[in-house]
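Novice: Handing over upload-v6.cif, mmCIF, C-alpha atoms.
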data_query
loop_
_atom_site.group_PDB
_atom_site.id
_atom_site.type_symbol
_atom_site.label_atom_id
_atom_site.label_comp_id
_atom_site.auth_asym_id
_atom_site.auth_seq_id
_atom_site.Cartn_x
_atom_site.Cartn_y
_atom_site.Cartn_z
ATOM 1 C CA MET Y 1 36.988 73.915 65.003
ATOM 2 C CA LEU Y 2 35.044 71.251 63.157
ATOM 3 C CA THR Y 3 36.009 67.625 63.619
ATOM 4 C CA PRO Y 4 38.854 66.769 61.212
ATOM 5 C CA ARG Y 5 38.295 63.713 59.004
ATOM 6 C CA PHE Y 6 40.945 61.282 57.817
ATOM 7 C CA HIS Y 7 40.940 58.384 55.398
ATOM 8 C CA CYS Y 8 42.269 55.279 57.152
ATOM 9 C CA PRO Y 9 42.007 51.969 55.231
ATOM 10 C CA GLN Y 10 42.357 50.001 58.477
ATOM 11 C CA ALA Y 11 39.211 51.565 59.984
ATOM 12 C CA THR Y 12 36.886 48.996 58.429
ATOM 13 C CA PRO Y 13 33.301 48.567 59.693
ATOM 14 C CA GLY Y 14 32.876 46.091 62.530
ATOM 15 C CA LEU Y 15 35.870 46.978 64.700
ATOM 16 C CA ALA Y 16 35.290 47.125 68.457
ATOM 17 C CA ARG Y 17 35.216 50.354 70.414
ATOM 18 C CA GLY Y 18 38.651 50.992 71.841
ATOM 19 C CA THR Y 19 40.488 49.520 68.856
ATOM 20 C CA ARG Y 20 43.643 51.422 67.947
ATOM 21 C CA VAL Y 21 44.571 51.932 64.303
ATOM 22 C CA GLU Y 22 47.544 53.664 62.699
ATOM 23 C CA LEU Y 23 46.884 56.689 60.517
ATOM 24 C CA PRO Y 24 48.473 56.586 57.045
ATOM 25 C CA ASP Y 25 51.610 58.721 56.723
ATOM 26 C CA ASP Y 26 49.881 61.485 54.744
ATOM 27 C CA ALA Y 27 46.992 61.660 57.215
ATOM 28 C CA ALA Y 28 49.355 61.697 60.201
ATOM 29 C CA HIS Y 29 51.383 64.494 58.615
ATOM 30 C CA HIS Y 30 48.257 66.547 57.992
ATOM 31 C CA ALA Y 31 46.966 65.970 61.524
ATOM 32 C CA LEU Y 32 50.246 66.701 63.319
ATOM 33 C CA ARG Y 33 52.090 69.160 61.089
ATOM 34 C CA VAL Y 34 49.351 71.039 59.239
ATOM 35 C CA LEU Y 35 46.440 71.086 61.714
ATOM 36 C CA ARG Y 36 48.792 70.759 64.721
ATOM 37 C CA LEU Y 37 46.426 68.466 66.565
ATOM 38 C CA ARG Y 38 47.422 67.096 69.948
ATOM 39 C CA GLU Y 39 46.709 63.822 71.702
ATOM 40 C CA GLY Y 40 43.090 63.629 72.846
ATOM 41 C CA HIS Y 41 41.707 65.709 69.982
ATOM 42 C CA PRO Y 42 38.458 64.266 68.525
ATOM 43 C CA VAL Y 43 38.649 63.181 64.888
ATOM 44 C CA ALA Y 44 36.650 61.034 62.453
ATOM 45 C CA VAL Y 45 38.123 58.241 60.334
ATOM 46 C CA PHE Y 46 36.697 56.296 57.394
ATOM 47 C CA CYS Y 47 38.019 53.419 55.295
ATOM 48 C CA GLY Y 48 36.453 54.533 52.008
ATOM 49 C CA HIS Y 49 33.832 51.795 51.685
ATOM 50 C CA GLY Y 50 31.033 53.443 53.667
ATOM 51 C CA GLY Y 51 30.535 54.646 57.225
ATOM 52 C CA GLU Y 52 32.926 56.379 59.600
ATOM 53 C CA TYR Y 53 34.117 56.186 63.193
ATOM 54 C CA GLU Y 54 34.229 58.763 65.898
ATOM 55 C CA ALA Y 55 37.786 58.622 67.178
ATOM 56 C CA VAL Y 56 40.378 60.315 69.359
ATOM 57 C CA LEU Y 57 43.927 61.094 68.339
ATOM 58 C CA GLU Y 58 46.470 59.448 70.588
ATOM 59 C CA ALA Y 59 50.030 58.135 70.590
ATOM 60 C CA ALA Y 60 51.220 60.975 68.400
ATOM 61 C CA HIS Y 61 54.986 60.597 68.245
ATOM 62 C CA GLY Y 62 57.332 61.953 65.605
ATOM 63 C CA LYS Y 63 55.724 61.498 62.198
ATOM 64 C CA SER Y 64 53.266 58.754 63.224
ATOM 65 C CA ALA Y 65 49.944 58.797 64.998
ATOM 66 C CA GLN Y 66 47.285 56.361 66.154
ATOM 67 C CA VAL Y 67 43.598 56.908 66.751
ATOM 68 C CA LEU Y 68 41.366 55.245 69.316
ATOM 69 C CA LEU Y 69 38.081 54.215 67.683
ATOM 70 C CA GLY Y 70 34.719 55.040 69.227
ATOM 71 C CA THR Y 71 31.191 54.807 67.822
ATOM 72 C CA PHE Y 72 30.723 53.716 64.225
ATOM 73 C CA HIS Y 73 28.210 55.624 62.101
ATOM 74 C CA ALA Y 74 26.865 54.012 58.941
ATOM 75 C CA ALA Y 75 26.249 57.407 57.265
ATOM 76 C CA ASP Y 76 27.105 57.113 53.588
ATOM 77 C CA ARG Y 77 26.334 60.518 52.037
ATOM 78 C CA ALA Y 78 26.802 59.077 48.542
ATOM 79 C CA PRO Y 79 24.333 60.338 45.911
ATOM 80 C CA ARG Y 80 21.696 57.950 44.612
ATOM 81 C CA VAL Y 81 22.916 58.212 41.036
ATOM 82 C CA ASP Y 82 26.330 56.612 40.495
ATOM 83 C CA VAL Y 83 28.206 58.733 37.972
ATOM 84 C CA HIS Y 84 31.244 57.543 36.058
ATOM 85 C CA VAL Y 85 33.114 60.496 34.570
ATOM 86 C CA GLN Y 86 35.221 59.635 31.532
ATOM 87 C CA GLN Y 87 37.318 62.772 31.173
ATOM 88 C CA SER Y 88 39.661 63.358 28.263
ATOM 89 C CA VAL Y 89 43.100 64.135 29.637
ATOM 90 C CA VAL Y 90 43.953 67.836 29.845
ATOM 91 C CA ALA Y 91 46.762 69.875 31.400
ATOM 92 C CA THR Y 92 47.772 68.834 34.915
ATOM 93 C CA GLU Y 93 46.240 71.706 36.875
ATOM 94 C CA LYS Y 94 42.947 71.442 34.960
ATOM 95 C CA MET Y 95 42.777 67.679 35.447
ATOM 96 C CA ASP Y 96 43.476 68.069 39.170
ATOM 97 C CA TRP Y 97 40.620 70.574 39.365
ATOM 98 C CA VAL Y 98 38.189 68.213 37.624
ATOM 99 C CA VAL Y 99 39.065 65.297 39.912
ATOM 100 C CA GLU Y 100 38.722 67.338 43.103
ATOM 101 C CA LYS Y 101 35.412 68.938 42.146
ATOM 102 C CA ALA Y 102 34.005 65.682 40.754
ATOM 103 C CA VAL Y 103 34.501 64.180 44.223
ATOM 104 C CA GLU Y 104 32.689 67.095 45.859
ATOM 105 C CA LEU Y 105 29.795 66.655 43.425
ATOM 106 C CA GLY Y 106 29.558 62.951 44.180
ATOM 107 C CA ALA Y 107 31.114 61.189 41.186
ATOM 108 C CA ARG Y 108 31.694 57.489 41.872
ATOM 109 C CA ARG Y 109 34.250 56.568 39.200
ATOM 110 C CA PHE Y 110 36.715 58.522 37.107
ATOM 111 C CA THR Y 111 38.541 57.371 33.983
ATOM 112 C CA PRO Y 112 41.192 59.547 32.293
ATOM 113 C CA VAL Y 113 40.731 59.134 28.521
ATOM 114 C CA LEU Y 114 43.235 59.714 25.728
ATOM 115 C CA ALA Y 115 41.647 61.268 22.639
ATOM 116 C CA GLU Y 116 43.104 62.321 19.295
ATOM 117 C CA ARG Y 117 43.145 65.983 20.273
ATOM 118 C CA SER Y 118 44.410 65.473 23.828
ATOM 119 C CA VAL Y 119 47.316 67.881 24.289
ATOM 120 C CA VAL Y 120 48.768 65.801 27.131
ATOM 121 C CA ARG Y 121 49.933 62.308 26.181
ATOM 122 C CA LEU Y 122 50.364 59.711 28.925
ATOM 123 C CA SER Y 123 51.590 56.148 28.789
ATOM 124 C CA GLY Y 124 53.413 53.530 30.832
ATOM 125 C CA GLU Y 125 54.925 54.574 34.156
ATOM 126 C CA ARG Y 126 54.001 58.232 33.673
ATOM 127 C CA ALA Y 127 50.328 57.345 33.212
ATOM 128 C CA ALA Y 128 50.387 55.137 36.314
ATOM 129 C CA LYS Y 129 51.955 57.922 38.397
ATOM 130 C CA ARG Y 130 49.351 60.443 37.256
ATOM 131 C CA ALA Y 131 46.510 58.045 38.087
ATOM 132 C CA ALA Y 132 48.000 57.507 41.567
ATOM 133 C CA HIS Y 133 48.259 61.281 41.995
ATOM 134 C CA TRP Y 134 44.595 61.730 41.048
ATOM 135 C CA GLN Y 135 43.570 58.969 43.465
ATOM 136 C CA ALA Y 136 45.416 60.785 46.262
ATOM 137 C CA LEU Y 137 43.598 63.994 45.342
ATOM 138 C CA ALA Y 138 40.304 62.086 45.557
ATOM 139 C CA VAL Y 139 41.182 60.912 49.074
ATOM 140 C CA SER Y 140 41.935 64.458 50.204
ATOM 141 C CA ALA Y 141 38.721 65.788 48.642
ATOM 142 C CA SER Y 142 36.668 63.053 50.321
ATOM 143 C CA GLU Y 143 38.140 63.969 53.707
ATOM 144 C CA GLN Y 144 37.150 67.593 53.127
ATOM 145 C CA CYS Y 145 33.635 67.153 51.781
ATOM 146 C CA GLY Y 146 32.315 64.374 54.026
ATOM 147 C CA LEU Y 147 32.069 61.478 51.586
ATOM 148 C CA ASN Y 148 32.723 58.061 53.102
ATOM 149 C CA ARG Y 149 33.199 56.297 49.765
ATOM 150 C CA LEU Y 150 36.239 57.094 47.689
ATOM 151 C CA LEU Y 151 36.167 58.048 44.046
ATOM 152 C CA ASP Y 152 37.532 55.094 42.074
ATOM 153 C CA VAL Y 153 40.177 56.509 39.724
ATOM 154 C CA ARG Y 154 40.703 54.070 36.865
ATOM 155 C CA PRO Y 155 43.901 53.686 34.786
ATOM 156 C CA VAL Y 156 44.368 55.957 31.780
ATOM 157 C CA GLN Y 157 42.594 54.438 28.765
ATOM 158 C CA ALA Y 158 42.316 55.022 25.044
ATOM 159 C CA LEU Y 159 38.889 56.191 23.900
ATOM 160 C CA ASP Y 160 37.901 52.904 22.265
ATOM 161 C CA ALA Y 161 38.691 50.939 25.436
ATOM 162 C CA ALA Y 162 36.819 53.440 27.614
ATOM 163 C CA CYS Y 163 33.714 53.258 25.397
ATOM 164 C CA ALA Y 164 33.792 49.446 25.379
ATOM 165 C CA GLY Y 165 33.346 49.378 29.155
ATOM 166 C CA PRO Y 166 32.436 47.361 31.062
ATOM 167 C CA HIS Y 167 29.599 49.572 32.303
ATOM 168 C CA ASP Y 168 27.048 48.994 35.051
ATOM 169 C CA ASP Y 169 23.914 47.175 33.920
ATOM 170 C CA GLY Y 170 21.353 49.628 32.572
ATOM 171 C CA ALA Y 171 23.753 52.581 32.740
ATOM 172 C CA LEU Y 172 22.770 55.669 30.762
ATOM 173 C CA LEU Y 173 25.707 56.505 28.468
ATOM 174 C CA CYS Y 174 26.030 60.185 27.544
ATOM 175 C CA MET Y 175 28.623 61.981 25.424
ATOM 176 C CA LEU Y 176 28.710 65.711 26.041
ATOM 177 C CA ASP Y 177 28.392 67.366 22.641
ATOM 178 C CA PRO Y 178 27.735 71.107 22.004
ATOM 179 C CA GLU Y 179 25.857 70.095 18.845
ATOM 180 C CA GLY Y 180 23.747 67.399 20.480
ATOM 181 C CA GLU Y 181 20.061 67.432 19.528
ATOM 182 C CA ARG Y 182 18.859 66.614 23.036
ATOM 183 C CA SER Y 183 19.740 68.342 26.273
ATOM 184 C CA LEU Y 184 21.240 66.622 29.257
ATOM 185 C CA THR Y 185 18.073 67.254 31.274
ATOM 186 C CA GLN Y 186 15.954 65.623 28.590
ATOM 187 C CA GLU Y 187 18.034 62.477 28.966
ATOM 188 C CA PHE Y 188 17.654 62.789 32.735
ATOM 189 C CA SER Y 189 13.863 62.705 32.333
ATOM 190 C CA GLY Y 190 14.032 58.929 32.495
ATOM 191 C CA PHE Y 191 15.480 59.211 35.974
ATOM 192 C CA LEU Y 192 12.753 61.648 36.981
ATOM 193 C CA ALA Y 193 9.978 59.438 35.624
ATOM 194 C CA GLU Y 194 10.618 56.623 38.088
ATOM 195 C CA PRO Y 195 10.903 56.717 41.912
ATOM 196 C CA MET Y 196 14.484 56.793 43.142
ATOM 197 C CA THR Y 197 14.286 53.675 45.306
ATOM 198 C CA GLY Y 198 16.399 50.553 45.603
ATOM 199 C CA ALA Y 199 19.817 50.257 43.995
ATOM 200 C CA ALA Y 200 21.528 53.347 42.672
ATOM 201 C CA ARG Y 201 21.123 54.252 39.015
ATOM 202 C CA ALA Y 202 24.234 54.520 36.860
ATOM 203 C CA LEU Y 203 25.241 57.293 34.475
ATOM 204 C CA VAL Y 204 28.389 57.543 32.347
ATOM 205 C CA LEU Y 205 29.539 60.997 31.200
ATOM 206 C CA LEU Y 206 32.064 61.060 28.355
ATOM 207 C CA VAL Y 207 33.822 64.435 28.045
ATOM 208 C CA GLY Y 208 35.945 65.426 25.062
ATOM 209 C CA PRO Y 209 39.298 67.246 25.053
ATOM 210 C CA GLU Y 210 40.003 70.851 24.155
ATOM 211 C CA GLY Y 211 38.807 71.039 20.556
ATOM 212 C CA GLY Y 212 36.324 68.213 21.037
ATOM 213 C CA PHE Y 213 36.249 64.682 19.695
ATOM 214 C CA SER Y 214 37.105 64.067 16.052
ATOM 215 C CA PRO Y 215 34.224 62.944 13.793
ATOM 216 C CA ALA Y 216 35.591 59.393 13.864
ATOM 217 C CA GLU Y 217 35.747 59.387 17.674
ATOM 218 C CA ALA Y 218 32.218 60.762 17.979
ATOM 219 C CA ALA Y 219 30.977 58.049 15.624
ATOM 220 C CA LEU Y 220 32.809 55.399 17.661
ATOM 221 C CA ALA Y 221 31.132 56.589 20.865
ATOM 222 C CA ARG Y 222 27.683 56.659 19.275
ATOM 223 C CA ALA Y 223 28.205 53.132 17.950
ATOM 224 C CA ALA Y 224 29.047 52.046 21.512
ATOM 225 C CA GLY Y 225 25.688 53.365 22.740
ATOM 226 C CA TYR Y 226 26.604 56.863 23.900
ATOM 227 C CA ARG Y 227 23.908 59.489 23.406
ATOM 228 C CA PRO Y 228 25.179 62.949 22.349
ATOM 229 C CA VAL Y 229 23.730 65.543 24.726
ATOM 230 C CA THR Y 230 24.188 69.280 24.978
ATOM 231 C CA LEU Y 231 24.647 71.505 28.014
ATOM 232 C CA GLY Y 232 23.055 74.516 26.353
ATOM 233 C CA PRO Y 233 23.858 77.176 23.749
ATOM 234 C CA ARG Y 234 27.315 78.018 25.106
ATOM 235 C CA VAL Y 235 30.413 75.887 24.564
ATOM 236 C CA LEU Y 236 31.943 74.980 27.913
ATOM 237 C CA ARG Y 237 35.598 74.285 28.507
ATOM 238 C CA THR Y 238 36.443 70.626 28.954
ATOM 239 C CA GLU Y 239 37.280 71.140 32.654
ATOM 240 C CA THR Y 240 33.865 72.765 33.193
ATOM 241 C CA ALA Y 241 31.613 70.419 31.241
ATOM 242 C CA ALA Y 242 31.585 67.351 33.508
ATOM 243 C CA LEU Y 243 31.156 69.504 36.615
ATOM 244 C CA ALA Y 244 28.234 71.386 35.081
ATOM 245 C CA ALA Y 245 26.618 68.062 34.169
ATOM 246 C CA LEU Y 246 27.145 66.689 37.689
ATOM 247 C CA ALA Y 247 25.620 69.808 39.228
ATOM 248 C CA ALA Y 248 22.630 69.578 36.870
ATOM 249 C CA LEU Y 249 22.087 65.961 37.850
ATOM 250 C CA ARG Y 250 22.245 66.695 41.560
ATOM 251 C CA ALA Y 251 19.826 69.611 41.112
ATOM 252 C CA THR Y 252 17.236 67.717 39.075
ATOM 253 C CA VAL Y 253 17.105 64.239 40.572
ATOM 254 C CA ASP Y 254 19.374 63.953 43.568
ATOM 255 C CA ASP Y 255 21.119 65.795 46.413
ATOM 256 C CA PHE Y 256 19.669 69.258 45.926
ATOM 257 C CA ILE Y 257 16.063 68.020 46.188
ATOM 258 C CA LEU Y 258 14.711 67.738 49.718
ATOM 259 C CA PRO Y 259 11.486 65.900 50.577
ATOM 260 C CA THR Y 260 8.561 68.285 51.063
ATOM 261 C CA SER Y 261 5.958 65.751 52.111
ATOM 262 C CA PRO Y 262 5.731 62.091 53.180
ATOM 263 C CA SER Y 263 4.676 61.147 49.647
ATOM 264 C CA SER Y 264 7.811 62.672 48.135
ATOM 265 C CA SER Y 265 10.339 61.287 50.615
ATOM 266 C CA ALA Y 266 10.877 58.146 48.554
ATOM 267 C CA ALA Y 267 11.927 60.179 45.550
ATOM 268 C CA ALA Y 268 14.480 62.355 47.306
ATOM 269 C CA PRO Y 269 17.603 61.541 49.311
ATOM 270 C CA PRO Y 270 17.642 62.060 53.096
ATOM 271 C CA PRO Y 271 19.318 65.189 54.416
ATOM 272 C CA ARG Y 272 23.080 64.865 54.711
ATOM 273 C CA GLN Y 273 25.091 65.784 57.753
ATOM 274 C CA ALA Y 274 26.600 69.179 57.043
ATOM 275 C CA ILE Y 275 30.383 69.223 57.084
ATOM 276 C CA SER Y 276 32.270 72.386 56.255
ATOM 277 C CA PRO Y 277 35.619 72.391 54.478
ATOM 278 C CA ASP Y 278 38.750 71.601 56.430
ATOM 279 C CA PRO Y 279 41.364 73.648 54.554
ATOM 280 C CA LYS Y 280 44.563 71.857 53.634
#
Take the structure in this file and express it as structure tokens.
Specialist:
Amino acid sequence: MLTPRFHCPQATPGLARGTRVELPDDAAHHALRVLRLREGHPVAVFCGHGGEYEAVLEAAHGKSAQVLLGTFHAADRAPRVDVHVQQSVVATEKMDWVVEKAVELGARRFTPVLAERSVVRLSGERAAKRAAHWQALAVSASEQCGLNRLLDVRPVQALDAACAGPHDDGALLCMLDPEGERSLTQEFSGFLAEPMTGAARALVLLVGPEGGFSPAEAALARAAGYRPVTLGPRVLRTETAALAALAALRATVDDFILPTSPSSSAAAPPPRQAISPDPK
């Protein structure tokens, strides 16, 4: 059995070996009731801001559990291109799917966007509850896929507010558009033209709802600096589009490229530690 991983906000970098921390209720439930782990079982814990600890499960009583921290590893496993997915809100199960898979493909931020043609309408307390639900899904997906930095799920926003930002300095703003004159990979060529060293680059992907953005919305996004880009001759569903774009990015400039020689090592990320899924 592979080492189970749990998100634990208290497991911040810098704690001494032998420190005991309490697992969050959801993590304790998964460890004790789903995986049926016993005291002394090795686990890994991470706070969500980078790095993780080797640890041992102990003091498992009732519904609570503590872990005893061991060696800290600074492994990040985050891609070198920070991607902010701005996804128009769709039906619950589709939105859940997008959030989970966006985590696995290394998205850094996620904003649910309300567009004119969004079938699902969210506001007030209901919007806040859905955002909290998506953040919890992001935690679970991070535990499974090995990421040590959590996807930042932003509050639900109207399209104009989402387009206004703020965005990271120098971020490439792209609006996925089946009728775009340039392909996504053409826009990525700027990333390929320069060595991937230093601070991470930033990319924003704006994805329309079922039926696409209205002409007025598309014009608003273009006026805000978004470049309309296409993913090819076929029209993808809204829940597929962002994931296809993330996979294309990782394949062309990021995770899927391994260094083949000393001269190319600066342009490609280091190998990641392989972690297989831990079914939940």
Novice: Can you measure atom CA of Y:Val207 to atom CA of Y:Leu176 for me? One decimal in Å is fine.
Specialist: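 Here the two named atoms are 5.6 Å from each other.
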Novice: Would you mind listing what lies within 10 Å of Y:Thr92 as a list in words, with only C-alpha atoms counted and same-chain residues fewer than 5 positions away left out?
Specialist: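 That gives Trp97, Val98, Val120, Arg130 and Trp134 of chain Y.
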Novice: Which residue is closest to Y:Asp255? Choose from Y:Leu184, Y:Ala242, Y:Ala78, Y:Leu231 and count only C-alpha atoms.
Specialist: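 Of the candidates, the smallest distance to Y:Asp255 is held by Y:Ala78.
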Novice: Determine the residue set returned by the PyMOL selection byres ((chain Y and resi 76) around 10) for the present structure, and present it as a list in words.
Specialist: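 Checked against the file, the PyMOL selection byres ((chain Y and resi 76) around 10) matches Gly48, His49, Gly50, Gly51, Glu52, His73, Ala74, Ala75, Arg77, Ala78, Pro79, Gly146, Leu147, Asn148, Arg149, Arg272 and Gln273 of chain Y.
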Novice: Could you please take those selected residues and save C-alpha atoms as a short mmCIF file (atom, residue, chain, number, x, y, z; two decimals), in the frame of the given file?
Specialist:
data_model
loop_
_atom_site.label_atom_id
_atom_site.label_comp_id
_atom_site.auth_asym_id
_atom_site.auth_seq_id
_atom_site.Cartn_x
_atom_site.Cartn_y
_atom_site.Cartn_z
CA GLY Y 48 36.45 54.53 52.01
CA HIS Y 49 33.83 51.80 51.68
CA GLY Y 50 31.03 53.44 53.67
CA GLY Y 51 30.54 54.65 57.22
CA GLU Y 52 32.93 56.38 59.60
CA HIS Y 73 28.21 55.62 62.10
CA ALA Y 74 26.86 54.01 58.94
CA ALA Y 75 26.25 57.41 57.26
CA ARG Y 77 26.33 60.52 52.04
CA ALA Y 78 26.80 59.08 48.54
CA PRO Y 79 24.33 60.34 45.91
CA GLY Y 146 32.32 64.37 54.03
CA LEU Y 147 32.07 61.48 51.59
CA ASN Y 148 32.72 58.06 53.10
CA ARG Y 149 33.20 56.30 49.76
CA ARG Y 272 23.08 64.86 54.71
CA GLN Y 273 25.09 65.78 57.75
#
Novice: Pick out the closest residue to Y:Glu125 from this set: Y:Leu173, Y:Val156, Y:Leu105, Y:Val45. Count all atoms listed in the file.
Specialist: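 The answer is Y:Val156, which sits nearest to Y:Glu125.
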Novice: Can you translate the PyMOL selection byres ((chain Y and resi 88-91) around 12) into the concrete residues it hits in this file, as an MDAnalysis selection string?
Specialist: chainID Y and resid 85:87 92:99 110:123 127 130:131 134 155:159 162 175:176 205:213 217 237:242
Novice: Once the PyMOL selection byres ((chain Y and resi 219-230) around 9) has been applied to the shown file, what residues remain in the selection, as a ChimeraX atom specification?
Specialist: /Y:159-160,163-164,172-187,204-206,214-218,231-233
Novice: Grab the residues selected above and save them as a PDB file, in the coordinates of the input with C-alpha atoms.
Specialist:
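The new file result09.pdb reads:
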ATOM      1  CA  LEU Y 159      38.889  56.191  23.900  1.00  0.00           C
ATOM      2  CA  ASP Y 160      37.901  52.904  22.265  1.00  0.00           C
ATOM      3  CA  CYS Y 163      33.714  53.258  25.397  1.00  0.00           C
ATOM      4  CA  ALA Y 164      33.792  49.446  25.379  1.00  0.00           C
ATOM      5  CA  LEU Y 172      22.770  55.669  30.762  1.00  0.00           C
ATOM      6  CA  LEU Y 173      25.707  56.505  28.468  1.00  0.00           C
ATOM      7  CA  CYS Y 174      26.030  60.185  27.544  1.00  0.00           C
ATOM      8  CA  MET Y 175      28.623  61.981  25.424  1.00  0.00           C
ATOM      9  CA  LEU Y 176      28.710  65.711  26.041  1.00  0.00           C
ATOM     10  CA  ASP Y 177      28.392  67.366  22.641  1.00  0.00           C
ATOM     11  CA  PRO Y 178      27.735  71.107  22.004  1.00  0.00           C
ATOM     12  CA  GLU Y 179      25.857  70.095  18.845  1.00  0.00           C
ATOM     13  CA  GLY Y 180      23.747  67.399  20.480  1.00  0.00           C
ATOM     14  CA  GLU Y 181      20.061  67.432  19.528  1.00  0.00           C
ATOM     15  CA  ARG Y 182      18.859  66.614  23.036  1.00  0.00           C
ATOM     16  CA  SER Y 183      19.740  68.342  26.273  1.00  0.00           C
ATOM     17  CA  LEU Y 184      21.240  66.622  29.257  1.00  0.00           C
ATOM     18  CA  THR Y 185      18.073  67.254  31.274  1.00  0.00           C
ATOM     19  CA  GLN Y 186      15.954  65.623  28.590  1.00  0.00           C
ATOM     20  CA  GLU Y 187      18.034  62.477  28.966  1.00  0.00           C
ATOM     21  CA  VAL Y 204      28.389  57.543  32.347  1.00  0.00           C
ATOM     22  CA  LEU Y 205      29.539  60.997  31.200  1.00  0.00           C
ATOM     23  CA  LEU Y 206      32.064  61.060  28.355  1.00  0.00           C
ATOM     24  CA  SER Y 214      37.105  64.067  16.052  1.00  0.00           C
ATOM     25  CA  PRO Y 215      34.224  62.944  13.793  1.00  0.00           C
ATOM     26  CA  ALA Y 216      35.591  59.393  13.864  1.00  0.00           C
ATOM     27  CA  GLU Y 217      35.747  59.387  17.674  1.00  0.00           C
ATOM     28  CA  ALA Y 218      32.218  60.762  17.979  1.00  0.00           C
ATOM     29  CA  LEU Y 231      24.647  71.505  28.014  1.00  0.00           C
ATOM     30  CA  GLY Y 232      23.055  74.516  26.353  1.00  0.00           C
ATOM     31  CA  PRO Y 233      23.858  77.176  23.749  1.00  0.00           C
TER      32      PRO Y 233
END
Novice: Once 6 Å is added on each side, what are the centre and the three edge lengths, in Å to one decimal, of the axis-aligned box enclosing the listed atoms of stretch 38-44 of chain Y? Present them as AutoDock Vina command-line options.
Specialist:
--center_x 42.0 --center_y 64.1 --center_z 67.6 --size_x 22.8 --size_y 18.1 --size_z 22.4
Novice: Show which residues sit within 6 Å of Y:Leu151, as a tab-separated table (two decimals) with C-alpha atoms, in the frame of the given file. Count all atoms listed in the file, and ignore same-chain residues fewer than 2 positions away.
Specialist:
chain	number	residue	atom	x	y	z
Y	108	ARG	CA	31.69	57.49	41.87
Y	109	ARG	CA	34.25	56.57	39.20
Y	138	ALA	CA	40.30	62.09	45.56
